[in-house]
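**Student:** My structure file my_file_26.csv, CSV, C-alpha atoms, is below:
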```csv
chain,number,residue,atom,x,y,z
P,93,MET,CA,54.4,125.0,-14.3
P,94,GLU,CA,57.3,122.6,-14.1
P,95,THR,CA,59.1,122.2,-10.8
P,96,ILE,CA,62.8,121.8,-11.0
P,97,THR,CA,64.2,120.4,-7.8
P,98,LEU,CA,67.6,120.6,-6.1
P,99,SER,CA,68.4,117.1,-7.4
P,100,ASP,CA,67.4,118.2,-11.0
P,101,ILE,CA,69.8,121.2,-10.7
P,102,GLU,CA,72.6,119.0,-9.4
P,103,GLN,CA,72.3,116.6,-12.3
P,104,MET,CA,72.5,119.3,-15.0
P,105,GLU,CA,75.5,119.2,-17.2
P,106,LEU,CA,78.0,121.9,-16.1
P,107,LEU,CA,77.5,124.5,-18.8
P,108,ALA,CA,73.7,124.0,-18.8
P,109,ARG,CA,73.8,124.5,-15.0
P,110,VAL,CA,75.7,127.8,-15.4
P,111,GLN,CA,73.3,129.0,-18.0
P,112,PHE,CA,70.4,128.1,-15.8
P,113,ALA,CA,71.9,129.6,-12.6
P,114,THR,CA,72.9,132.9,-14.4
P,115,SER,CA,69.3,133.2,-15.7
P,116,LEU,CA,67.7,133.1,-12.2
P,117,PRO,CA,68.2,136.7,-11.3
P,118,GLY,CA,66.1,137.7,-14.3
P,119,ALA,CA,67.4,140.8,-16.2
P,120,LYS,CA,70.9,141.7,-15.2
P,121,PRO,CA,72.9,144.9,-15.7
P,122,ILE,CA,75.9,144.6,-18.0
P,123,SER,CA,78.9,146.9,-18.1
P,124,LEU,CA,82.6,147.0,-18.7
P,125,ILE,CA,84.9,147.4,-15.7
P,126,GLY,CA,88.0,149.4,-16.4
P,127,THR,CA,91.1,149.0,-14.2
P,128,THR,CA,94.8,149.5,-14.3
P,129,ASN,CA,97.7,148.0,-12.3
P,130,SER,CA,100.5,150.0,-10.7
P,131,ILE,CA,102.6,149.8,-13.8
P,132,GLY,CA,99.9,151.1,-16.0
P,133,GLU,CA,98.7,148.0,-17.8
P,134,THR,CA,95.0,148.5,-18.4
P,135,ASN,CA,92.2,145.8,-18.2
P,136,LEU,CA,88.6,145.8,-19.3
P,137,ALA,CA,86.1,143.0,-18.3
P,138,PRO,CA,82.4,142.6,-18.5
P,139,PHE,CA,80.5,142.3,-15.2
P,140,SER,CA,76.8,141.6,-14.8
P,141,SER,CA,76.7,141.8,-11.0
P,142,VAL,CA,76.8,145.5,-10.3
P,143,ILE,CA,74.3,146.4,-7.5
P,144,HIS,CA,73.2,149.6,-5.7
P,145,LEU,CA,74.3,149.5,-2.0
P,146,GLY,CA,73.4,153.0,-0.9
P,147,SER,CA,72.7,156.6,-1.9
P,148,SER,CA,74.3,158.6,0.9
P,149,PRO,CA,77.1,158.1,0.2
P,150,CYS,CA,76.5,156.7,-3.2
P,151,LEU,CA,77.8,153.1,-3.1
P,152,LEU,CA,77.9,150.3,-5.7
P,153,GLY,CA,79.0,146.7,-5.3
P,154,MET,CA,80.0,143.9,-7.6
P,155,ILE,CA,80.9,140.3,-7.2
P,156,SER,CA,84.3,138.9,-8.2
P,157,ARG,CA,85.0,135.2,-8.7
P,158,PRO,CA,88.6,134.4,-8.0
P,159,ASP,CA,88.7,131.6,-10.6
P,160,SER,CA,87.3,133.7,-13.5
P,161,VAL,CA,88.4,136.1,-16.2
P,162,ASN,CA,87.6,139.0,-13.9
P,163,ARG,CA,90.4,138.0,-11.5
P,164,HIS,CA,92.6,140.7,-13.1
P,165,SER,CA,90.0,143.3,-12.4
P,166,ALA,CA,89.8,142.5,-8.6
P,167,ALA,CA,93.6,142.4,-8.3
P,168,ASN,CA,93.9,145.8,-10.1
P,169,ILE,CA,91.2,147.4,-7.9
P,170,ILE,CA,92.9,146.3,-4.7
P,171,GLU,CA,96.3,147.5,-6.1
P,172,THR,CA,95.1,151.0,-7.2
P,173,GLY,CA,92.0,151.6,-5.1
P,174,CYS,CA,89.8,152.6,-8.0
P,175,TRP,CA,87.9,151.4,-11.1
P,176,THR,CA,85.3,152.5,-13.7
P,177,ILE,CA,81.9,151.2,-14.8
P,178,ASN,CA,81.2,151.8,-18.5
P,179,HIS,CA,77.6,151.0,-19.7
P,180,LEU,CA,76.9,149.5,-23.1
P,181,HIS,CA,74.8,150.3,-26.1
P,182,PRO,CA,74.3,148.2,-29.1
P,183,GLN,CA,77.2,149.6,-31.2
P,184,ILE,CA,79.8,148.4,-28.7
P,185,LEU,CA,78.2,145.1,-27.7
P,186,ASP,CA,80.5,142.9,-29.9
P,187,ALA,CA,83.7,144.6,-28.5
P,188,ALA,CA,82.4,144.4,-25.0
P,189,HIS,CA,81.5,140.7,-25.2
P,190,GLN,CA,84.9,140.0,-26.6
P,191,CYS,CA,86.5,141.4,-23.4
P,192,SER,CA,85.2,138.2,-21.7
P,193,ALA,CA,87.9,136.2,-23.6
P,194,ARG,CA,90.9,135.1,-21.4
P,195,TYR,CA,93.6,137.5,-22.6
P,196,PRO,CA,96.9,137.3,-20.7
P,197,GLN,CA,97.6,140.0,-18.1
P,198,GLU,CA,100.1,141.9,-20.4
P,199,ILE,CA,97.5,142.3,-23.2
P,200,SER,CA,95.0,145.1,-22.7
P,201,GLU,CA,91.5,144.2,-23.7
P,202,PHE,CA,91.2,147.9,-25.0
P,203,ASP,CA,93.8,147.0,-27.7
P,204,ALA,CA,92.5,143.5,-28.3
P,205,VAL,CA,88.9,144.5,-28.9
P,206,GLY,CA,89.3,148.0,-30.4
P,207,LEU,CA,88.0,150.2,-27.6
P,208,SER,CA,89.7,153.4,-26.5
P,209,PRO,CA,90.8,154.2,-23.0
P,210,VAL,CA,90.2,157.7,-21.8
P,211,PHE,CA,91.5,159.1,-18.4
P,212,HIS,CA,90.0,161.7,-16.1
P,213,GLN,CA,92.5,164.0,-14.4
P,214,GLY,CA,93.5,162.6,-11.0
P,215,PHE,CA,91.8,159.3,-11.5
P,216,ALA,CA,94.0,156.3,-12.3
P,217,ALA,CA,91.5,153.8,-13.8
P,218,PRO,CA,90.6,154.1,-17.6
P,219,PHE,CA,87.1,154.9,-18.9
P,220,VAL,CA,85.8,153.5,-22.2
P,221,SER,CA,85.7,156.5,-24.6
P,222,GLU,CA,82.9,154.8,-26.7
P,223,SER,CA,80.6,154.4,-23.6
P,224,ARG,CA,77.9,157.0,-23.1
P,225,PHE,CA,77.5,156.4,-19.4
P,226,ARG,CA,80.6,156.1,-17.3
P,227,ILE,CA,81.2,155.9,-13.5
P,228,GLY,CA,84.4,156.3,-11.5
P,229,LEU,CA,84.6,154.6,-8.1
P,230,GLU,CA,87.0,154.6,-5.2
P,231,LEU,CA,87.5,151.3,-3.3
P,232,ILE,CA,85.8,151.2,0.1
P,233,ASP,CA,85.8,147.6,1.2
P,234,VAL,CA,86.3,144.0,-0.1
P,235,ILE,CA,84.0,141.5,1.7
P,236,SER,CA,84.7,137.8,1.5
P,237,ILE,CA,81.8,135.5,0.9
P,238,PRO,CA,82.9,132.3,2.7
P,239,VAL,CA,80.4,129.8,1.1
P,240,ASN,CA,82.1,129.9,-2.3
P,241,GLY,CA,85.2,132.1,-2.1
P,242,THR,CA,83.7,135.0,-4.0
P,243,GLN,CA,84.1,138.6,-3.0
P,244,LEU,CA,81.8,141.7,-2.8
P,245,ILE,CA,83.9,144.7,-4.0
P,246,ILE,CA,82.4,147.9,-2.7
P,247,GLY,CA,83.1,151.4,-4.1
P,248,LYS,CA,82.0,155.0,-3.6
P,249,VAL,CA,80.9,156.8,-6.7
P,250,VAL,CA,83.2,159.8,-7.1
P,251,LEU,CA,82.4,160.9,-10.7
P,252,VAL,CA,79.8,160.1,-13.4
P,253,GLN,CA,80.0,161.1,-17.0
P,254,VAL,CA,76.8,161.1,-19.1
P,255,PRO,CA,75.5,163.5,-21.8
P,256,ARG,CA,73.4,166.2,-20.2
P,257,GLU,CA,70.3,165.3,-22.3
P,258,TYR,CA,70.1,161.9,-20.6
P,259,ARG,CA,69.7,163.3,-17.1
P,260,LEU,CA,66.0,163.1,-16.1
P,261,ASP,CA,64.2,165.9,-14.2
P,262,HIS,CA,63.6,163.5,-11.3
P,263,GLY,CA,67.3,162.9,-10.8
P,264,GLY,CA,67.6,159.5,-12.6
P,265,ILE,CA,69.4,158.6,-15.8
P,266,ASP,CA,67.5,158.0,-19.1
P,267,LEU,CA,68.5,154.4,-19.9
P,268,ILE,CA,66.1,154.3,-22.9
P,269,GLY,CA,67.7,157.4,-24.4
P,270,LEU,CA,71.1,155.9,-23.9
P,271,ASP,CA,70.0,152.6,-25.4
P,272,CYS,CA,71.6,151.0,-22.3
P,273,LEU,CA,71.7,147.2,-22.5
P,274,ALA,CA,70.6,144.4,-20.1
P,275,SER,CA,71.8,140.8,-20.0
P,276,THR,CA,70.9,137.3,-18.9
P,277,ALA,CA,72.7,134.0,-18.6
P,278,LEU,CA,76.3,134.0,-19.9
P,279,ASP,CA,75.8,135.3,-23.4
P,280,THR,CA,72.4,137.0,-24.0
P,281,TYR,CA,71.8,140.7,-24.3
P,282,PHE,CA,68.7,142.8,-24.4
P,283,GLN,CA,67.6,146.3,-25.3
P,284,LEU,CA,65.1,148.0,-23.0
P,285,GLN,CA,61.6,149.3,-23.8
P,286,LEU,CA,59.9,151.6,-21.3
P,287,LEU,CA,56.8,150.0,-19.7
P,288,ALA,CA,55.9,152.4,-16.9
P,289,ARG,CA,57.0,154.8,-14.3
P,290,MET,CA,54.9,154.3,-11.1
P,291,SER,CA,54.0,156.8,-8.4
P,292,HIS,CA,55.3,156.3,-4.9
P,293,ALA,CA,53.2,153.5,-3.4
P,294,LYS,CA,51.2,154.2,-0.2
P,295,PRO,CA,48.9,151.9,1.7
P,296,GLY,CA,45.2,152.4,0.7
P,297,ILE,CA,46.0,154.4,-2.5
P,298,PRO,CA,45.7,152.4,-5.7
P,299,PRO,CA,48.9,152.2,-7.8
P,300,HIS,CA,49.0,154.5,-10.7
P,301,ARG,CA,51.4,155.4,-13.5
P,302,ILE,CA,53.1,158.7,-13.9
M,263,MET,CA,79.6,164.4,-21.9
M,264,GLU,CA,78.9,166.2,-18.6
M,265,THR,CA,81.0,165.2,-15.6
M,266,ILE,CA,79.1,165.0,-12.3
M,267,THR,CA,81.5,165.2,-9.4
M,268,LEU,CA,81.4,163.9,-5.8
M,269,SER,CA,80.5,167.4,-4.7
M,270,ASP,CA,77.7,167.6,-7.2
M,271,ILE,CA,76.3,164.3,-5.9
M,272,GLU,CA,76.5,165.4,-2.3
M,273,GLN,CA,74.6,168.6,-3.1
M,274,MET,CA,71.7,166.8,-4.8
M,275,GLU,CA,68.3,167.0,-3.0
M,276,LEU,CA,67.7,163.7,-1.2
M,277,LEU,CA,65.1,162.1,-3.5
M,278,ALA,CA,66.9,163.2,-6.6
M,279,ARG,CA,70.1,161.7,-5.2
M,280,VAL,CA,68.3,158.4,-4.5
M,281,GLN,CA,66.9,158.3,-8.1
M,282,PHE,CA,70.4,159.1,-9.4
M,283,ALA,CA,72.1,156.5,-7.3
M,284,THR,CA,69.6,153.8,-8.1
M,285,SER,CA,70.1,154.5,-11.8
M,286,LEU,CA,73.8,153.9,-11.8
M,287,PRO,CA,73.8,150.1,-12.0
M,288,GLY,CA,71.9,150.4,-15.3
M,289,ALA,CA,69.1,147.8,-15.9
M,290,LYS,CA,68.3,146.0,-12.7
M,291,PRO,CA,66.3,142.8,-12.1
M,292,ILE,CA,63.0,143.3,-10.3
M,293,SER,CA,61.1,140.5,-8.4
M,294,LEU,CA,58.8,140.0,-5.4
M,295,ILE,CA,60.4,138.4,-2.4
M,296,GLY,CA,57.9,136.1,-0.5
M,297,THR,CA,58.4,135.3,3.1
M,298,THR,CA,56.5,134.2,6.2
M,299,ASN,CA,57.2,134.5,9.9
M,300,SER,CA,57.0,131.7,12.5
M,301,ILE,CA,53.3,132.4,13.1
M,302,GLY,CA,52.4,132.3,9.4
M,303,GLU,CA,52.0,136.0,8.6
M,304,THR,CA,53.1,136.3,5.0
M,305,ASN,CA,55.0,139.2,3.4
M,306,LEU,CA,55.8,140.3,-0.1
M,307,ALA,CA,58.3,143.0,-1.1
M,308,PRO,CA,59.9,144.1,-4.3
M,309,PHE,CA,63.7,143.8,-4.5
M,310,SER,CA,65.9,145.0,-7.4
M,311,SER,CA,69.2,143.7,-5.9
M,312,VAL,CA,69.1,140.0,-6.7
M,313,ILE,CA,72.5,138.8,-7.9
M,314,HIS,CA,74.0,135.5,-9.1
M,315,LEU,CA,76.7,134.3,-6.7
M,316,GLY,CA,77.5,130.8,-7.9
M,317,SER,CA,76.3,127.9,-10.0
M,318,SER,CA,77.7,124.9,-8.1
M,319,PRO,CA,75.9,125.1,-5.7
M,320,CYS,CA,73.4,127.5,-7.2
M,321,LEU,CA,73.5,130.6,-5.0
M,322,LEU,CA,71.7,134.0,-5.2
M,323,GLY,CA,72.2,137.0,-3.0
M,324,MET,CA,70.2,140.2,-2.3
M,325,ILE,CA,70.8,143.4,-0.3
M,326,SER,CA,68.6,144.3,2.6
M,327,ARG,CA,68.5,147.8,4.0
M,328,PRO,CA,67.6,147.8,7.7
M,329,ASP,CA,65.7,151.1,7.5
M,330,SER,CA,63.5,150.2,4.5
M,331,VAL,CA,60.2,148.6,3.7
M,332,ASN,CA,62.1,145.3,3.2
M,333,ARG,CA,63.1,145.0,6.8
M,334,HIS,CA,60.2,142.5,7.3
M,335,SER,CA,61.6,140.3,4.6
M,336,ALA,CA,65.0,140.0,6.2
M,337,ALA,CA,63.6,139.4,9.6
M,338,ASN,CA,61.3,136.6,8.2
M,339,ILE,CA,64.1,135.0,6.3
M,340,ILE,CA,66.3,134.9,9.4
M,341,GLU,CA,63.3,133.5,11.4
M,342,THR,CA,62.3,130.7,8.9
M,343,GLY,CA,65.5,130.1,6.9
M,344,CYS,CA,63.8,130.4,3.5
M,345,TRP,CA,62.2,132.7,0.9
M,346,THR,CA,60.9,132.9,-2.6
M,347,ILE,CA,61.8,135.1,-5.6
M,348,ASN,CA,58.9,135.7,-8.0
M,349,HIS,CA,59.6,137.3,-11.3
M,350,LEU,CA,57.2,139.9,-12.8
M,351,HIS,CA,55.4,140.3,-16.1
M,352,PRO,CA,53.4,143.4,-17.2
M,353,GLN,CA,50.1,142.0,-16.0
M,354,ILE,CA,51.2,142.0,-12.4
M,355,LEU,CA,53.4,145.1,-12.3
M,356,ASP,CA,50.8,147.4,-10.6
M,357,ALA,CA,50.2,144.9,-7.8
M,358,ALA,CA,54.0,144.2,-7.5
M,359,HIS,CA,54.8,147.9,-7.2
M,360,GLN,CA,52.1,148.5,-4.6
M,361,CYS,CA,54.0,146.0,-2.4
M,362,SER,CA,56.6,148.7,-1.8
M,363,ALA,CA,54.0,150.6,0.3
M,364,ARG,CA,54.7,150.5,4.0
M,365,TYR,CA,52.1,148.1,5.3
M,366,PRO,CA,52.2,147.2,9.0
M,367,GLN,CA,53.6,143.7,9.8
M,368,GLU,CA,50.2,142.2,10.5
M,369,ILE,CA,48.8,143.1,7.0
M,370,SER,CA,49.9,140.7,4.3
M,371,GLU,CA,50.8,142.5,1.0
M,372,PHE,CA,49.2,139.5,-0.7
M,373,ASP,CA,45.8,140.6,0.6
M,374,ALA,CA,46.5,144.3,0.3
M,375,VAL,CA,47.5,144.2,-3.4
M,376,GLY,CA,45.4,141.2,-4.6
M,377,LEU,CA,48.0,138.6,-5.3
M,378,SER,CA,47.6,134.9,-4.3
M,379,PRO,CA,50.0,133.0,-2.1
M,380,VAL,CA,50.7,129.4,-3.1
M,381,PHE,CA,52.8,126.9,-1.1
M,382,HIS,CA,55.0,124.1,-2.2
M,383,GLN,CA,55.0,121.0,0.0
M,384,GLY,CA,57.7,121.1,2.7
M,385,PHE,CA,58.6,124.7,1.9
M,386,ALA,CA,57.5,127.4,4.4
M,387,ALA,CA,57.7,130.6,2.3
M,388,PRO,CA,54.9,131.6,0.0
M,389,PHE,CA,55.2,131.8,-3.8
M,390,VAL,CA,53.2,134.3,-5.9
M,391,SER,CA,50.6,132.2,-7.8
M,392,GLU,CA,50.4,134.8,-10.6
M,393,SER,CA,54.2,134.8,-11.3
M,394,ARG,CA,55.4,132.6,-14.2
M,395,PHE,CA,58.9,132.2,-12.9
M,396,ARG,CA,59.4,131.4,-9.2
M,397,ILE,CA,62.4,130.4,-7.2
M,398,GLY,CA,62.6,128.9,-3.7
M,399,LEU,CA,65.8,129.4,-1.6
M,400,GLU,CA,67.2,128.2,1.7
M,401,LEU,CA,69.2,130.7,3.8
M,402,ILE,CA,73.0,130.1,3.7
M,403,ASP,CA,74.5,133.2,5.2
M,404,VAL,CA,73.8,136.8,6.2
M,405,ILE,CA,76.9,139.0,5.6
M,406,SER,CA,77.0,142.5,7.2
M,407,ILE,CA,78.3,145.4,5.1
M,408,PRO,CA,79.8,147.7,7.7
M,409,VAL,CA,80.1,150.8,5.6
M,410,ASN,CA,76.4,151.5,5.7
M,411,GLY,CA,74.7,148.8,7.8
M,412,THR,CA,73.2,146.9,4.8
M,413,GLN,CA,73.2,143.1,4.7
M,414,LEU,CA,73.9,140.6,1.9
M,415,ILE,CA,71.5,137.7,2.3
M,416,ILE,CA,72.7,134.6,0.6
M,417,GLY,CA,70.5,131.6,-0.4
M,418,LYS,CA,70.8,128.3,-2.1
M,419,VAL,CA,68.3,127.6,-4.8
M,420,VAL,CA,66.3,124.5,-3.9
M,421,LEU,CA,63.4,124.7,-6.4
M,422,VAL,CA,62.5,126.6,-9.5
M,423,GLN,CA,59.0,126.7,-11.1
M,424,VAL,CA,58.6,127.9,-14.7
M,425,PRO,CA,56.5,126.6,-17.6
M,426,ARG,CA,58.4,123.9,-19.6
M,427,GLU,CA,58.2,126.0,-22.8
M,428,TYR,CA,60.4,128.7,-21.3
M,429,ARG,CA,63.4,126.5,-20.6
M,430,LEU,CA,65.9,127.0,-23.4
M,431,ASP,CA,67.9,124.2,-25.0
M,432,HIS,CA,71.2,125.7,-23.7
M,433,GLY,CA,70.0,125.4,-20.1
M,434,GLY,CA,68.9,129.1,-19.6
M,435,ILE,CA,65.4,130.6,-19.1
M,436,ASP,CA,63.6,132.4,-21.8
M,437,LEU,CA,63.1,135.9,-20.3
M,438,ILE,CA,61.6,137.2,-23.5
M,439,GLY,CA,59.0,134.4,-23.7
M,440,LEU,CA,58.1,135.1,-20.1
M,441,ASP,CA,57.9,138.9,-20.7
M,442,CYS,CA,60.1,139.2,-17.6
M,443,LEU,CA,60.6,142.9,-16.5
M,444,ALA,CA,63.7,144.9,-15.7
M,445,SER,CA,63.8,148.1,-13.6
M,446,THR,CA,65.8,151.2,-12.8
M,447,ALA,CA,65.8,154.0,-10.2
M,448,LEU,CA,63.0,153.7,-7.6
M,449,ASP,CA,60.0,153.5,-9.9
M,450,THR,CA,60.7,152.8,-13.6
M,451,TYR,CA,60.1,149.4,-15.3
M,452,PHE,CA,61.1,148.0,-18.7
M,453,GLN,CA,60.2,145.2,-21.0
M,454,LEU,CA,63.1,143.4,-22.7
M,455,GLN,CA,63.8,143.0,-26.4
M,456,LEU,CA,66.3,140.4,-27.5
M,457,LEU,CA,69.3,142.0,-29.1
M,458,ALA,CA,71.8,139.1,-29.5
M,459,ARG,CA,73.2,135.9,-28.1
M,460,MET,CA,77.0,135.9,-28.4
M,461,SER,CA,79.3,132.9,-29.0
M,462,HIS,CA,81.8,132.1,-26.2
M,463,ALA,CA,84.6,134.7,-26.6
M,464,LYS,CA,88.2,133.5,-27.3
M,465,PRO,CA,91.3,135.5,-27.9
M,466,GLY,CA,92.1,136.0,-31.6
M,467,ILE,CA,88.6,134.9,-32.8
M,468,PRO,CA,86.3,137.7,-33.8
M,469,PRO,CA,83.1,138.0,-31.8
M,470,HIS,CA,80.0,136.5,-33.5
M,471,ARG,CA,76.3,136.2,-32.8
M,472,ILE,CA,74.6,132.8,-32.5
```
Just give me the structure as structure tokens.

**Tutor:**
Amino acid sequence: METITLSDIEQMELLARVQFATSLPGAKPISLIGTTNSIGETNLAPFSSVIHLGSSPCLLGMISRPDSVNRHSAANIIETGCWTINHLHPQILDAAHQCSARYPQEISEFDAVGLSPVFHQGFAAPFVSESRFRIGLELIDVISIPVNGTQLIIGKVVLVQVPREYRLDHGGIDLIGLDCLASTALDTYFQLQLLARMSHAKPGIPPHRI
Amino acid sequence: METITLSDIEQMELLARVQFATSLPGAKPISLIGTTNSIGETNLAPFSSVIHLGSSPCLLGMISRPDSVNRHSAANIIETGCWTINHLHPQILDAAHQCSARYPQEISEFDAVGLSPVFHQGFAAPFVSESRFRIGLELIDVISIPVNGTQLIIGKVVLVQVPREYRLDHGGIDLIGLDCLASTALDTYFQLQLLARMSHAKPGIPPHRI
């Protein structure tokens, strides 16, 4: 094992340090965040920081960096109070990654990259028609993270769209059937292979696979 | 596509709702969090909520639920000001999952599941000797999330241990070489397959793979 110290990290060239830092969580989720502003200009941006915050109610969070391409997403969410999460599969990866380019506010990434917005009645934010696993959220809170000016945006899940055959008997979603992607660093994408489903762990009972 | 509404979610049976809610982020990271208290009792707990918060300085966050098995982890981090993240590979999955059992405070999960603590000079929290990709963090902030009483625990990365051959030329870490795992829901684990590394996206330039 090589030990990389704080001083080693500080001496890394900027892009290498970002690639390094964004590798540290391990496998990350990756999805497209769909938003609109109050005059109906839509926006689509890739995020790899979506996290589960609670199940009752069903809450998800994500991190917004004020200096980044996703600044339009955060502004739109605060303006309209809602957004969508659209999961990826291999056939839409290129278009999804292209949404990380810095398009001006008045250009919709939907048009620029060739994805189609689709709306659900009574819900302002656009879903990605090509995505197979889509979530609609209502804004609950925006929490400032003082140490570096980022924000934790928290939403309540109000609707989920997924083909019926990818809902598993135990309640979860079949990410393998959906060919849902994972990511790491700034630019690297993975497919998933099922390794194991484990039984509920209890002290004194050896772990076993279901 | 089937549309699952807020009312459908609220009517789910509790465990099914937790499996559903913890599937929504898509692929999640999974690692073992190593901590100790001030009298040297060690603790090891699986977390799937580690997120990148910043690269300069290099910051990671994770979510702690006060009612969960990981309450010992948060208490220890606040007591000692440090913790470790230890990534998983298939050979240590069973032991890692077993750390989610509710052992009493005085029993170390290291002993209970058969993993070995290893210490780095000057750093109080234990690393998992069997892990191939280990991170040491110093506590920076604990941010309360009022909507459901969870906490965002923020740390600065002060050391990283990984075999030299898994550091990539661009600065990132080779999760495929490490056979680093991903997870979903409460109990499901994946291996990763490389799909693509994408070039930096710019408006007007078609996406391409490196």

**Student:** Determine the nearest neighbour of chain M from the options P:Gly269, P:Pro182, P:Gly132, P:Gly206, counting only C-alpha atoms.

**Tutor:**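 Nearest to chain M: P:Pro182.
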
**Student:** Counting only C-alpha atoms, which residue out of M:Leu414, M:Ala283, M:Ile292, M:Ile266 sits closest to Met154 of chain P?

**Tutor:**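 So, comparing all the options, the nearest one is M:Leu414.
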
**Student:** List the spatial neighbours of Pro238 of chain P as a ChimeraX atom specification - criterion: any atom at most 10 Å away, all atoms listed in the file, same-chain residues fewer than 3 positions off excluded.

**Tutor:** /P:235,241-243 /M:403,405

**Student:** Using only C-alpha atoms, which of M:Ala387, M:Ile313, M:Ile295, M:Leu350 sits nearest chain P?

**Tutor:**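 When distances to chain P are compared using only C-alpha atoms, the smallest one comes from M:Ile313.
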
**Student:** For atom CA of Tyr365 of chain M and atom CA of Lys294 of chain P, determine how far apart the two atoms are, in Å to one decimal place.

**Tutor:** 8.3 Å

**Student:** Excluding segment 222-230 of chain P and residues on its chain fewer than 3 positions from it, collect all residues at most 6 Å away from it, counting only C-alpha atoms, and give them as a ChimeraX atom specification.

**Tutor:** /P:173-179,247-254

**Student:** So how far away is atom CA of Thr280 of chain P from atom CA of Gln455 of chain M, in Å?

**Tutor:**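 Interatomic distance here is 10.8 Å.
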
**Student:** So the first atom is atom CA of Cys150 of chain P and the second is atom CA of Ile416 of chain M; what is the distance between them in Å, to one decimal place?

**Tutor:**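 Computed distance, atom CA of Cys150 of chain P to atom CA of Ile416 of chain M, equals 22.7 Å.
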